[in-house]
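S.K.: Structure file coords.cif (mmCIF, C-alpha atoms) is given on the next line.
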```
data_protein
#
loop_
_atom_site.label_atom_id
_atom_site.label_comp_id
_atom_site.auth_asym_id
_atom_site.auth_seq_id
_atom_site.Cartn_x
_atom_site.Cartn_y
_atom_site.Cartn_z
CA MET Q 1 0.00 0.00 0.00
CA ASN Q 2 2.86 2.35 0.74
CA SER Q 3 4.01 2.36 -2.85
CA GLU Q 4 0.51 3.01 -4.24
CA SER Q 5 0.60 6.04 -6.52
CA ALA Q 6 -2.04 8.77 -6.46
CA ILE Q 7 -3.32 7.51 -9.81
CA GLU Q 8 -3.65 3.96 -8.43
CA ALA Q 9 -5.38 5.24 -5.29
CA GLY Q 10 -7.84 7.12 -7.50
CA ILE Q 11 -8.62 4.00 -9.52
CA ARG Q 12 -9.05 1.91 -6.35
CA SER Q 13 -11.42 4.48 -4.85
CA ALA Q 14 -13.44 4.77 -8.08
CA LYS Q 15 -13.71 0.96 -8.36
CA GLN Q 16 -15.01 0.76 -4.79
CA LEU Q 17 -17.58 3.45 -5.57
CA LEU Q 18 -18.84 1.50 -8.58
CA VAL Q 19 -19.11 -1.65 -6.40
CA ASP Q 20 -20.92 0.17 -3.57
CA GLY Q 21 -23.07 2.23 -5.93
CA ILE Q 22 -22.88 6.00 -6.23
CA THR Q 23 -25.19 7.83 -3.85
CA PRO Q 24 -26.10 11.19 -5.36
CA ILE Q 25 -24.88 14.09 -3.18
CA ASP Q 26 -27.77 16.49 -2.56
CA ARG Q 27 -27.37 20.25 -2.29
CA GLU Q 28 -27.44 20.34 1.53
CA VAL Q 29 -24.76 17.64 1.93
CA CYS Q 30 -22.69 19.27 -0.82
CA ILE Q 31 -22.71 22.66 0.94
CA GLN Q 32 -21.87 21.08 4.31
CA GLU Q 33 -18.99 19.06 2.84
CA SER Q 34 -17.75 22.15 0.97
CA LEU Q 35 -17.79 24.14 4.21
CA ASP Q 36 -15.95 21.36 6.08
CA LEU Q 37 -13.29 21.22 3.36
CA LEU Q 38 -12.85 25.01 3.37
CA GLU Q 39 -12.68 25.18 7.17
CA ARG Q 40 -10.09 22.42 7.59
CA SER Q 41 -7.87 23.86 4.81
CA GLU Q 42 -5.13 26.25 5.89
CA ILE Q 43 -3.89 26.83 2.37
CA ALA Q 44 -5.96 27.79 -0.68
CA MET Q 45 -5.05 27.91 -4.34
CA VAL Q 46 -5.94 31.36 -5.67
CA GLY Q 47 -6.68 31.90 -9.37
CA SER Q 48 -6.16 35.22 -11.17
CA THR Q 49 -5.63 36.37 -14.78
CA ASP Q 50 -2.45 38.01 -16.08
CA GLU Q 51 -2.19 40.96 -18.48
CA ASN Q 52 -2.11 38.59 -21.46
CA GLY Q 53 -5.22 36.68 -20.42
CA TYR Q 54 -3.46 33.61 -18.97
CA PRO Q 55 -4.85 32.04 -15.79
CA HIS Q 56 -2.39 32.09 -12.86
CA ILE Q 57 -2.47 30.04 -9.65
CA LYS Q 58 -0.76 30.68 -6.33
CA ALA Q 59 -0.95 28.92 -2.96
CA MET Q 60 -1.92 31.40 -0.22
CA PHE Q 61 -2.60 31.10 3.49
CA LYS Q 62 -6.32 31.40 4.27
CA ILE Q 63 -6.49 34.05 6.99
CA GLU Q 64 -10.21 34.13 7.71
CA SER Q 65 -13.48 33.04 6.12
CA ASP Q 66 -17.22 33.64 6.45
CA LYS Q 67 -19.05 30.47 5.40
CA LEU Q 68 -18.53 29.87 1.67
CA LYS Q 69 -19.14 33.54 0.82
CA SER Q 70 -15.99 35.42 1.86
CA ILE Q 71 -12.33 34.53 2.30
CA TRP Q 72 -9.54 36.88 3.37
CA PHE Q 73 -5.87 36.65 2.44
CA SER Q 74 -2.91 38.95 3.06
CA THR Q 75 -0.23 39.81 0.54
CA ILE Q 76 2.38 42.31 -0.61
CA THR Q 77 0.78 45.42 -2.16
CA SER Q 78 3.51 45.69 -4.83
CA SER Q 79 3.11 42.02 -5.85
CA ARG Q 80 2.12 40.86 -9.32
CA ARG Q 81 -1.01 39.25 -7.86
CA VAL Q 82 -2.32 42.58 -6.55
CA SER Q 83 -1.79 44.36 -9.88
CA GLN Q 84 -3.61 41.47 -11.61
CA PHE Q 85 -6.64 41.80 -9.32
CA ILE Q 86 -6.72 45.62 -9.61
CA ARG Q 87 -6.79 45.21 -13.41
CA ASN Q 88 -9.18 42.24 -13.36
CA PRO Q 89 -11.01 41.24 -10.17
CA LYS Q 90 -12.29 37.93 -11.58
CA ALA Q 91 -10.94 35.26 -9.27
CA SER Q 92 -11.26 31.72 -8.03
CA VAL Q 93 -10.28 29.93 -4.84
CA TYR Q 94 -9.73 26.18 -4.80
CA PHE Q 95 -9.40 23.71 -1.94
CA TYR Q 96 -8.33 20.11 -2.46
CA ASP Q 97 -8.16 17.12 -0.14
CA ALA Q 98 -6.02 14.37 -1.69
CA GLY Q 99 -7.07 11.90 1.03
CA CYS Q 100 -10.73 11.82 0.05
CA ILE Q 101 -10.20 13.05 -3.54
CA ALA Q 102 -12.50 16.02 -2.98
CA GLY Q 103 -12.16 19.49 -4.47
CA LEU Q 104 -14.04 22.74 -4.02
CA LEU Q 105 -13.84 25.52 -6.61
CA LEU Q 106 -15.27 28.89 -5.63
CA VAL Q 107 -15.66 31.48 -8.38
CA GLY Q 108 -16.13 35.21 -7.75
CA GLU Q 109 -14.35 38.51 -7.35
CA MET Q 110 -11.27 39.64 -5.42
CA GLU Q 111 -10.97 43.08 -3.81
CA VAL Q 112 -7.72 44.66 -2.67
CA LEU Q 113 -8.27 46.31 0.74
CA GLN Q 114 -5.88 48.81 2.26
CA ASP Q 115 -8.08 50.30 5.00
CA ALA Q 116 -6.61 50.41 8.51
CA GLU Q 117 -9.55 48.53 10.06
CA SER Q 118 -9.12 45.44 7.84
CA LYS Q 119 -5.34 45.53 8.13
CA GLU Q 120 -5.48 45.73 11.93
CA ARG Q 121 -8.22 43.16 12.36
CA LEU Q 122 -6.46 40.50 10.28
CA TRP Q 123 -2.85 41.18 11.34
CA LYS Q 124 -1.02 38.14 12.75
CA GLU Q 125 1.76 38.18 15.32
CA GLY Q 126 5.11 37.73 13.59
CA TRP Q 127 4.12 39.16 10.21
CA GLU Q 128 6.90 41.73 10.48
CA VAL Q 129 8.98 39.11 8.65
CA TYR Q 130 6.86 39.80 5.57
CA TYR Q 131 5.91 43.44 6.27
CA PRO Q 132 8.83 45.08 8.14
CA LEU Q 133 6.92 48.29 8.91
CA GLY Q 134 4.19 46.37 10.72
CA VAL Q 135 0.44 46.81 10.45
CA THR Q 136 0.72 50.24 8.80
CA ASP Q 137 3.27 49.03 6.21
CA PRO Q 138 1.96 50.32 2.85
CA ASP Q 139 3.28 47.10 1.30
CA TYR Q 140 0.87 45.06 3.47
CA CYS Q 141 -2.63 44.67 2.11
CA ILE Q 142 -5.64 42.40 2.41
CA LEU Q 143 -7.40 40.50 -0.36
CA ARG Q 144 -11.11 39.81 0.16
CA PHE Q 145 -12.66 37.16 -2.07
CA THR Q 146 -16.42 37.06 -2.52
CA ALA Q 147 -17.87 33.90 -4.08
CA LYS Q 148 -20.71 33.88 -6.62
CA TYR Q 149 -20.95 30.13 -7.06
CA GLY Q 150 -19.21 26.92 -6.11
CA ASP Q 151 -18.41 23.63 -7.75
CA TYR Q 152 -17.80 20.62 -5.50
CA TYR Q 153 -16.23 17.36 -6.65
CA ARG Q 154 -16.25 14.13 -4.67
CA GLY Q 155 -16.98 10.49 -5.46
CA LEU Q 156 -16.98 10.95 -9.26
CA GLN Q 157 -19.68 13.62 -8.90
CA ASN Q 158 -19.59 17.34 -9.69
CA ILE Q 159 -22.19 19.63 -8.15
CA THR Q 160 -22.48 23.32 -9.02
CA PHE Q 161 -24.36 25.59 -6.60
CA ASP Q 162 -25.04 29.31 -6.15
CA ILE Q 163 -23.66 31.07 -3.08
CA MET R 1 5.10 21.54 17.06
CA ASN R 2 2.10 19.36 16.26
CA SER R 3 -0.33 22.17 16.76
CA GLU R 4 1.64 24.68 14.69
CA SER R 5 -0.57 26.16 11.99
CA ALA R 6 0.56 26.59 8.38
CA ILE R 7 0.66 30.37 8.95
CA GLU R 8 2.88 29.92 12.02
CA ALA R 9 5.15 27.51 10.15
CA GLY R 10 5.49 30.09 7.37
CA ILE R 11 6.47 32.81 9.85
CA ARG R 12 8.98 30.51 11.57
CA SER R 13 10.56 29.56 8.25
CA ALA R 14 10.72 33.21 7.09
CA LYS R 15 12.29 34.30 10.41
CA GLN R 16 14.96 31.61 10.07
CA LEU R 17 15.69 32.79 6.53
CA LEU R 18 16.17 36.36 7.73
CA VAL R 19 18.55 35.11 10.47
CA ASP R 20 20.54 32.88 8.09
CA GLY R 21 20.51 35.43 5.28
CA ILE R 22 18.76 34.93 1.97
CA THR R 23 20.96 33.31 -0.67
CA PRO R 24 19.77 34.38 -4.11
CA ILE R 25 18.58 31.40 -6.18
CA ASP R 26 20.31 31.48 -9.58
CA ARG R 27 18.66 30.36 -12.81
CA GLU R 28 20.30 26.93 -12.88
CA VAL R 29 19.31 26.05 -9.29
CA CYS R 30 15.83 27.44 -9.89
CA ILE R 31 15.30 25.21 -12.94
CA GLN R 32 16.67 22.14 -11.13
CA GLU R 33 14.46 22.75 -8.07
CA SER R 34 11.45 23.36 -10.36
CA LEU R 35 12.11 20.07 -12.15
CA ASP R 36 12.49 18.21 -8.84
CA LEU R 37 9.19 19.68 -7.58
CA LEU R 38 7.39 18.77 -10.82
CA GLU R 39 8.81 15.24 -10.86
CA ARG R 40 7.94 14.40 -7.26
CA SER R 41 4.37 15.79 -7.62
CA GLU R 42 1.68 13.29 -8.59
CA ILE R 43 -1.07 15.90 -8.62
CA ALA R 44 -1.06 19.26 -10.40
CA MET R 45 -3.42 22.20 -10.16
CA VAL R 46 -4.59 23.07 -13.66
CA GLY R 47 -5.77 26.60 -14.49
CA SER R 48 -8.25 27.39 -17.29
CA THR R 49 -10.67 30.23 -18.13
CA ASP R 50 -14.44 29.87 -18.25
CA GLU R 51 -16.82 31.35 -20.84
CA ASN R 52 -17.27 34.48 -18.69
CA GLY R 53 -13.54 35.10 -18.29
CA TYR R 54 -13.18 33.71 -14.76
CA PRO R 55 -10.08 31.66 -13.89
CA HIS R 56 -10.85 28.06 -12.87
CA ILE R 57 -8.62 25.58 -11.02
CA LYS R 58 -8.84 21.80 -10.85
CA ALA R 59 -6.56 19.17 -9.31
CA MET R 60 -5.55 16.60 -11.92
CA PHE R 61 -3.28 13.57 -11.92
CA LYS R 62 -0.02 14.24 -13.79
CA ILE R 63 0.28 11.32 -16.22
CA GLU R 64 3.60 12.09 -17.88
CA SER R 65 6.01 14.99 -18.32
CA ASP R 66 8.98 16.01 -20.45
CA LYS R 67 11.24 18.27 -18.37
CA LEU R 68 9.43 21.56 -17.66
CA LYS R 69 8.15 21.86 -21.24
CA SER R 70 5.30 19.34 -21.59
CA ILE R 71 2.83 17.72 -19.20
CA TRP R 72 0.12 15.23 -20.11
CA PHE R 73 -3.20 14.69 -18.34
CA SER R 74 -6.23 12.57 -19.15
CA THR R 75 -9.83 13.65 -18.80
CA ILE R 76 -13.41 13.21 -19.95
CA THR R 77 -13.97 14.62 -23.44
CA SER R 78 -17.44 15.93 -22.54
CA SER R 79 -16.16 17.71 -19.42
CA ARG R 80 -16.39 21.44 -18.83
CA ARG R 81 -12.59 21.65 -18.70
CA VAL R 82 -12.23 20.33 -22.26
CA SER R 83 -14.77 22.79 -23.66
CA GLN R 84 -12.93 25.60 -21.85
CA PHE R 85 -9.59 24.62 -23.44
CA ILE R 86 -11.11 24.21 -26.91
CA ARG R 87 -12.53 27.73 -26.60
CA ASN R 88 -9.41 29.19 -24.96
CA PRO R 89 -6.15 27.19 -24.82
CA LYS R 90 -4.45 29.60 -22.39
CA ALA R 91 -3.54 27.50 -19.36
CA SER R 92 -1.38 27.18 -16.29
CA VAL R 93 -0.13 24.26 -14.23
CA TYR R 94 0.88 24.73 -10.61
CA PHE R 95 2.77 22.50 -8.20
CA TYR R 96 3.07 23.24 -4.50
CA ASP R 97 5.07 21.66 -1.70
CA ALA R 98 3.71 22.75 1.69
CA GLY R 99 6.69 21.18 3.50
CA CYS R 100 9.30 23.49 1.99
CA ILE R 101 6.85 26.29 1.07
CA ALA R 102 7.82 26.11 -2.59
CA GLY R 103 5.57 26.66 -5.59
CA LEU R 104 6.05 26.33 -9.33
CA LEU R 105 3.72 28.08 -11.78
CA LEU R 106 4.01 27.08 -15.43
CA VAL R 107 2.15 29.24 -17.98
CA GLY R 108 1.38 28.14 -21.53
CA GLU R 109 -1.17 26.45 -23.75
CA MET R 110 -3.29 23.30 -23.43
CA GLU R 111 -4.17 21.08 -26.39
CA VAL R 112 -6.94 18.49 -26.42
CA LEU R 113 -5.66 15.30 -28.13
CA GLN R 114 -7.92 12.53 -29.35
CA ASP R 115 -5.52 10.61 -31.61
CA ALA R 116 -5.25 6.86 -31.04
CA GLU R 117 -1.46 6.94 -30.57
CA SER R 118 -1.57 9.38 -27.64
CA LYS R 119 -4.58 7.65 -26.08
CA GLU R 120 -2.91 4.22 -26.29
CA ARG R 121 0.50 5.38 -25.12
CA LEU R 122 -0.83 7.11 -22.00
CA TRP R 123 -3.58 4.63 -21.05
CA LYS R 124 -3.31 3.23 -17.49
CA GLU R 125 -4.50 -0.16 -16.33
CA GLY R 126 -7.81 0.19 -14.50
CA TRP R 127 -8.98 3.36 -16.25
CA GLU R 128 -12.13 1.55 -17.39
CA VAL R 129 -13.61 2.93 -14.14
CA TYR R 130 -13.47 6.39 -15.71
CA TYR R 131 -13.79 5.41 -19.40
CA PRO R 132 -15.99 2.29 -19.59
CA LEU R 133 -15.34 1.70 -23.30
CA GLY R 134 -11.59 1.49 -22.73
CA VAL R 135 -8.81 3.08 -24.72
CA THR R 136 -11.06 3.80 -27.72
CA ASP R 137 -13.79 5.40 -25.56
CA PRO R 138 -14.67 8.69 -27.32
CA ASP R 139 -15.18 10.20 -23.86
CA TYR R 140 -11.49 9.55 -23.04
CA CYS R 141 -9.06 12.21 -24.21
CA ILE R 142 -5.59 13.54 -23.44
CA LEU R 143 -4.63 17.07 -22.50
CA ARG R 144 -1.11 18.17 -23.45
CA PHE R 145 0.22 21.28 -21.75
CA THR R 146 3.16 23.16 -23.27
CA ALA R 147 4.88 25.73 -21.05
CA LYS R 148 6.12 29.13 -22.27
CA TYR R 149 7.56 30.33 -18.99
CA GLY R 150 7.79 29.42 -15.35
CA ASP R 151 7.69 31.22 -12.05
CA TYR R 152 9.31 29.53 -9.06
CA TYR R 153 8.79 30.59 -5.43
CA ARG R 154 10.89 29.43 -2.52
CA GLY R 155 12.55 31.11 0.44
CA LEU R 156 10.74 34.46 0.00
CA GLN R 157 12.08 34.65 -3.56
CA ASN R 158 10.24 34.63 -6.89
CA ILE R 159 12.15 33.80 -10.06
CA THR R 160 10.59 33.99 -13.53
CA PHE R 161 12.28 32.10 -16.36
CA ASP R 162 11.62 31.25 -20.01
CA ILE R 163 11.13 27.61 -20.98
#
```
Just give me the structure as structure tokens.
M.R.:
Amino acid sequence: MNSESAIEAGIRSAKQLLVDGITPIDREVCIQESLDLLERSEIAMVGSTDENGYPHIKAMFKIESDKLKSIWFSTITSSRRVSQFIRNPKASVYFYDAGCIAGLLLVGEMEVLQDAESKERLWKEGWEVYYPLGVTDPDYCILRFTAKYGDYYRGLQNITFDI
Amino acid sequence: MNSESAIEAGIRSAKQLLVDGITPIDREVCIQESLDLLERSEIAMVGSTDENGYPHIKAMFKIESDKLKSIWFSTITSSRRVSQFIRNPKASVYFYDAGCIAGLLLVGEMEVLQDAESKERLWKEGWEVYYPLGVTDPDYCILRFTAKYGDYYRGLQNITFDI
């Protein structure tokens, strides 16, 4: 079992599902499982679009969330990611659990926040390593993602739902 | 240590870097580390763009790769992902290692291949669970990603390089 590859594990899990029979995931279960996946994930994959229209992906620490609707991140104001979102706020956030082969895609918009209230509220002890001037560092900013809809994958099923 | 969060681990690692001093990663090391990260990763995050211009992300099994230039995936021909790439081949592939806080973004184009040679060469034993008709199943297809450039992140450094 130790040498089983991810591809082999996927096949094994899919075979078991076909033996057991696939139970359709209803909307309520889907939203609960999506929320559980989001809440146990410390890292999110964040999707943006570059100036030439190519999709970009970056792993970011999830700082805070409000159900499936809002997720907050912190980043460097002068970063490429921030200039991408200022130019084009269309965004996605993706969470993946390799253990249960489940994925949650949230699609929506990303705002770049530089107000003192947000920066103070979300500041974490030790972040001077990233933002040497502390909570008022102009190179420290907050990203707030707001989801419009979600797409949850688990057990060979894909469910799309409004948020 | 067991209860250390990902955010705390990031801060600890960044603090240590600032104590030790940041050694700039040169192009050769960057390409070697990128290749190592790609080769040890079984799962990639694949970026596409939907019909409304929103970036999407999906975890996919990496089937095969040729250095940093080409990566092959398999998927369902009738899937949303395939229709997105037929409409807009702009794509990205992202690998992330949470342990060493390293990420590799590859940006390029995705082709949808349905030729028998590619489908036969990349077929894996057991895939009938996904494609019941086997290697000739019209709902089985190959995605081939070709990278134009890469962006590697590790140790608070970001290096962009042509491929």
S.K.: Applying 9 Å and only C-alpha atoms, which residues near Q:Glu120 remain after dropping the ones on its own chain fewer than 5 positions away? List them as a compact mmCIF listing (two decimals) with C-alpha atoms, keeping the file's coordinate frame.
M.R.:
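Heads up, here's the output in selection-v8.txt:
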```txt
# COMPACT_ATOMS: atom_id res chain seq x y z
CA ASP Q 115 -8.08 50.30 5.00
CA VAL Q 135 0.44 46.81 10.45
CA THR Q 136 0.72 50.24 8.80
```
S.K.: Output as a Markdown table one row per residue of stretch 13-55 of chain Q within 8 Å of stretch 80-96 of chain Q: the closest atom pair and its distance in Å to one decimal place, counting all atoms listed in the file, sorted by chain and residue number ascending.
M.R.:
```
| residue | atom | partner | partner_atom | distance |
| --- | --- | --- | --- | --- |
| Q:Leu37 | CA | Q:Phe95 | CA | 7.0 |
| Q:Leu38 | CA | Q:Phe95 | CA | 6.5 |
| Q:Ser41 | CA | Q:Phe95 | CA | 6.9 |
| Q:Ile43 | CA | Q:Phe95 | CA | 7.7 |
| Q:Ala44 | CA | Q:Phe95 | CA | 5.5 |
| Q:Met45 | CA | Q:Tyr94 | CA | 5.0 |
| Q:Val46 | CA | Q:Val93 | CA | 4.6 |
| Q:Gly47 | CA | Q:Ser92 | CA | 4.8 |
| Q:Ser48 | CA | Q:Ala91 | CA | 5.1 |
| Q:Thr49 | CA | Q:Gln84 | CA | 6.3 |
| Q:Asp50 | CA | Q:Gln84 | CA | 5.8 |
| Q:Glu51 | CA | Q:Gln84 | CA | 7.0 |
```
S.K.: Using C-alpha atoms, can you write the selected residues to a file as a compact mmCIF listing (two decimals), in the frame of the given file?
M.R.:
```
# COMPACT_ATOMS: atom_id res chain seq x y z
CA LEU Q 37 -13.29 21.22 3.36
CA LEU Q 38 -12.85 25.01 3.37
CA SER Q 41 -7.87 23.86 4.81
CA ILE Q 43 -3.89 26.83 2.37
CA ALA Q 44 -5.96 27.79 -0.68
CA MET Q 45 -5.05 27.91 -4.34
CA VAL Q 46 -5.94 31.36 -5.67
CA GLY Q 47 -6.68 31.90 -9.37
CA SER Q 48 -6.16 35.22 -11.17
CA THR Q 49 -5.63 36.37 -14.78
CA ASP Q 50 -2.45 38.01 -16.08
CA GLU Q 51 -2.19 40.96 -18.48
```
S.K.: Give one line per residue of chain R that approaches chain Q to at most 9 Å, naming the two atoms of the closest pair and their distance in Å to one decimal, counting all atoms listed in the file; sort by chain then ascending residue number and deliver it as JSON lines.
M.R.:
```
{"residue": "R:Ser5", "atom": "CA", "partner": "Q:Glu42", "partner_atom": "CA", "distance": 7.6}
{"residue": "R:Ala6", "atom": "CA", "partner": "Q:Glu42", "partner_atom": "CA", "distance": 6.2}
{"residue": "R:Ile7", "atom": "CA", "partner": "Q:Phe61", "partner_atom": "CA", "distance": 6.4}
{"residue": "R:Glu8", "atom": "CA", "partner": "Q:Gly126", "partner_atom": "CA", "distance": 8.3}
{"residue": "R:Ile11", "atom": "CA", "partner": "Q:Gly126", "partner_atom": "CA", "distance": 6.3}
{"residue": "R:Arg12", "atom": "CA", "partner": "Q:Gly126", "partner_atom": "CA", "distance": 8.4}
{"residue": "R:Ala14", "atom": "CA", "partner": "Q:Val129", "partner_atom": "CA", "distance": 6.3}
{"residue": "R:Lys15", "atom": "CA", "partner": "Q:Val129", "partner_atom": "CA", "distance": 6.1}
{"residue": "R:Leu18", "atom": "CA", "partner": "Q:Val129", "partner_atom": "CA", "distance": 7.8}
{"residue": "R:Glu42", "atom": "CA", "partner": "Q:Ala6", "partner_atom": "CA", "distance": 6.2}
{"residue": "R:Ile43", "atom": "CA", "partner": "Q:Ala6", "partner_atom": "CA", "distance": 7.5}
{"residue": "R:Met45", "atom": "CA", "partner": "Q:Ile57", "partner_atom": "CA", "distance": 7.9}
{"residue": "R:Val46", "atom": "CA", "partner": "Q:Ile57", "partner_atom": "CA", "distance": 8.3}
{"residue": "R:Gly47", "atom": "CA", "partner": "Q:Pro55", "partner_atom": "CA", "distance": 5.7}
{"residue": "R:Ser48", "atom": "CA", "partner": "Q:Pro55", "partner_atom": "CA", "distance": 6.0}
{"residue": "R:Thr49", "atom": "CA", "partner": "Q:Pro55", "partner_atom": "CA", "distance": 6.5}
{"residue": "R:Gly53", "atom": "CA", "partner": "Q:Lys90", "partner_atom": "CA", "distance": 7.4}
{"residue": "R:Tyr54", "atom": "CA", "partner": "Q:Lys90", "partner_atom": "CA", "distance": 5.4}
{"residue": "R:Pro55", "atom": "CA", "partner": "Q:Pro55", "partner_atom": "CA", "distance": 5.6}
{"residue": "R:His56", "atom": "CA", "partner": "Q:Ser92", "partner_atom": "CA", "distance": 6.1}
{"residue": "R:Ile57", "atom": "CA", "partner": "Q:Tyr94", "partner_atom": "CA", "distance": 6.3}
{"residue": "R:Lys58", "atom": "CA", "partner": "Q:Tyr94", "partner_atom": "CA", "distance": 7.5}
{"residue": "R:Ala59", "atom": "CA", "partner": "Q:Tyr96", "partner_atom": "CA", "distance": 7.1}
{"residue": "R:Phe61", "atom": "CA", "partner": "Q:Ile7", "partner_atom": "CA", "distance": 6.4}
{"residue": "R:Lys62", "atom": "CA", "partner": "Q:Ile7", "partner_atom": "CA", "distance": 8.5}
{"residue": "R:Ile63", "atom": "CA", "partner": "Q:Ile7", "partner_atom": "CA", "distance": 8.3}
{"residue": "R:Lys90", "atom": "CA", "partner": "Q:Tyr54", "partner_atom": "CA", "distance": 5.4}
{"residue": "R:Ala91", "atom": "CA", "partner": "Q:Pro55", "partner_atom": "CA", "distance": 5.9}
{"residue": "R:Ser92", "atom": "CA", "partner": "Q:Pro55", "partner_atom": "CA", "distance": 6.0}
{"residue": "R:Val93", "atom": "CA", "partner": "Q:Ile57", "partner_atom": "CA", "distance": 7.7}
{"residue": "R:Tyr94", "atom": "CA", "partner": "Q:Ile57", "partner_atom": "CA", "distance": 6.4}
{"residue": "R:Tyr96", "atom": "CA", "partner": "Q:Ala59", "partner_atom": "CA", "distance": 7.1}
{"residue": "R:Ala98", "atom": "CA", "partner": "Q:Ile43", "partner_atom": "CA", "distance": 8.7}
{"residue": "R:Gly103", "atom": "CA", "partner": "Q:Ala59", "partner_atom": "CA", "distance": 7.4}
{"residue": "R:Leu104", "atom": "CA", "partner": "Q:Lys58", "partner_atom": "CA", "distance": 8.6}
{"residue": "R:Leu105", "atom": "CA", "partner": "Q:Ile57", "partner_atom": "CA", "distance": 6.8}
{"residue": "R:Leu106", "atom": "CA", "partner": "Q:His56", "partner_atom": "CA", "distance": 8.5}
{"residue": "R:Val107", "atom": "CA", "partner": "Q:Tyr54", "partner_atom": "CA", "distance": 7.2}
{"residue": "R:Gly108", "atom": "CA", "partner": "Q:Tyr54", "partner_atom": "CA", "distance": 7.7}
{"residue": "R:Glu109", "atom": "CA", "partner": "Q:Tyr54", "partner_atom": "CA", "distance": 8.9}
{"residue": "R:Lys124", "atom": "CA", "partner": "Q:Ile7", "partner_atom": "CA", "distance": 8.8}
{"residue": "R:Glu125", "atom": "CA", "partner": "Q:Glu8", "partner_atom": "CA", "distance": 9.0}
{"residue": "R:Gly126", "atom": "CA", "partner": "Q:Ile11", "partner_atom": "CA", "distance": 6.3}
{"residue": "R:Trp127", "atom": "CA", "partner": "Q:Ile11", "partner_atom": "CA", "distance": 6.8}
{"residue": "R:Glu128", "atom": "CA", "partner": "Q:Ile11", "partner_atom": "CA", "distance": 9.0}
{"residue": "R:Val129", "atom": "CA", "partner": "Q:Lys15", "partner_atom": "CA", "distance": 6.1}
{"residue": "R:Tyr130", "atom": "CA", "partner": "Q:Ala14", "partner_atom": "CA", "distance": 7.8}
{"residue": "R:Leu156", "atom": "CA", "partner": "Q:Tyr130", "partner_atom": "CA", "distance": 8.6}
```
S.K.: Please enumerate the residues selected by the PyMOL selection byres ((chain Q and resi 27-36) around 7) when evaluated against the supplied file, formatted as a PyMOL selection string.
M.R.: chain Q and resi 25-26+37-40+67-68+104+152
S.K.: So which residues get picked by the PyMOL selection byres ((chain R and resi 159-161) around 6) here, written as a list in words?
M.R.: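 Applied to this file, the PyMOL selection byres ((chain R and resi 159-161) around 6) selects Tyr149, Gly150, Asp151, Tyr152, Asn158 and Asp162 of chain R.
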S.K.: Separation of atom CA of Q:Asp137 and atom CA of Q:Ser74, in Å?
M.R.: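 Between atom CA of Q:Asp137 and atom CA of Q:Ser74 the gap works out to 12.2 Å.
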S.K.: List every protein, DNA or RNA residue that has an atom no more than 6 Å from (1.5, 22.9, -23.8) in the file's coordinate frame, counting only C-alpha atoms, and report them as a list in words.
M.R.: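 Residues found, by chain and rising number: Ser70, Gly108, Glu109, Met110, Arg144, Phe145, Thr146 and Ala147 of chain R.
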S.K.: Write a file of the just-selected residues containing C-alpha atoms, as an mmCIF file, keeping the file's coordinate frame.
M.R.:
```cif
data_model
loop_
_atom_site.group_PDB
_atom_site.id
_atom_site.type_symbol
_atom_site.label_atom_id
_atom_site.label_comp_id
_atom_site.auth_asym_id
_atom_site.auth_seq_id
_atom_site.Cartn_x
_atom_site.Cartn_y
_atom_site.Cartn_z
ATOM 1 C CA SER R 70 5.300 19.340 -21.590
ATOM 2 C CA GLY R 108 1.380 28.140 -21.530
ATOM 3 C CA GLU R 109 -1.170 26.450 -23.750
ATOM 4 C CA MET R 110 -3.290 23.300 -23.430
ATOM 5 C CA ARG R 144 -1.110 18.170 -23.450
ATOM 6 C CA PHE R 145 0.220 21.280 -21.750
ATOM 7 C CA THR R 146 3.160 23.160 -23.270
ATOM 8 C CA ALA R 147 4.880 25.730 -21.050
#
```
S.K.: Regenerate stretch 98-106 of chain Q at the level of N, CA and C atoms and dump it as a PDB file, in the coordinates of the input.
M.R.:
```pdb
ATOM      1  N   ALA Q  98      -6.481  15.549  -0.942  1.00  0.00           N
ATOM      2  CA  ALA Q  98      -6.020  14.370  -1.690  1.00  0.00           C
ATOM      3  C   ALA Q  98      -6.506  13.089  -1.027  1.00  0.00           C
ATOM      4  N   GLY Q  99      -6.667  13.098   0.305  1.00  0.00           N
ATOM      5  CA  GLY Q  99      -7.070  11.900   1.030  1.00  0.00           C
ATOM      6  C   GLY Q  99      -8.417  11.377   0.599  1.00  0.00           C
ATOM      7  N   CYS Q 100      -9.399  12.281   0.455  1.00  0.00           N
ATOM      8  CA  CYS Q 100     -10.730  11.820   0.050  1.00  0.00           C
ATOM      9  C   CYS Q 100     -11.054  12.217  -1.394  1.00  0.00           C
ATOM     10  N   ILE Q 101     -10.033  12.662  -2.122  1.00  0.00           N
ATOM     11  CA  ILE Q 101     -10.200  13.050  -3.540  1.00  0.00           C
ATOM     12  C   ILE Q 101     -11.422  13.959  -3.701  1.00  0.00           C
ATOM     13  N   ALA Q 102     -11.410  15.044  -2.929  1.00  0.00           N
ATOM     14  CA  ALA Q 102     -12.500  16.020  -2.980  1.00  0.00           C
ATOM     15  C   ALA Q 102     -11.917  17.389  -3.291  1.00  0.00           C
ATOM     16  N   GLY Q 103     -12.624  18.147  -4.119  1.00  0.00           N
ATOM     17  CA  GLY Q 103     -12.160  19.490  -4.470  1.00  0.00           C
ATOM     18  C   GLY Q 103     -13.314  20.472  -4.458  1.00  0.00           C
ATOM     19  N   LEU Q 104     -13.031  21.685  -4.029  1.00  0.00           N
ATOM     20  CA  LEU Q 104     -14.040  22.740  -4.020  1.00  0.00           C
ATOM     21  C   LEU Q 104     -13.498  23.943  -4.774  1.00  0.00           C
ATOM     22  N   LEU Q 105     -14.190  24.314  -5.853  1.00  0.00           N
ATOM     23  CA  LEU Q 105     -13.840  25.520  -6.610  1.00  0.00           C
ATOM     24  C   LEU Q 105     -14.867  26.592  -6.275  1.00  0.00           C
ATOM     25  N   LEU Q 106     -14.388  27.739  -5.846  1.00  0.00           N
ATOM     26  CA  LEU Q 106     -15.270  28.890  -5.630  1.00  0.00           C
ATOM     27  C   LEU Q 106     -14.898  29.940  -6.671  1.00  0.00           C
TER      28      LEU Q 106
END
```
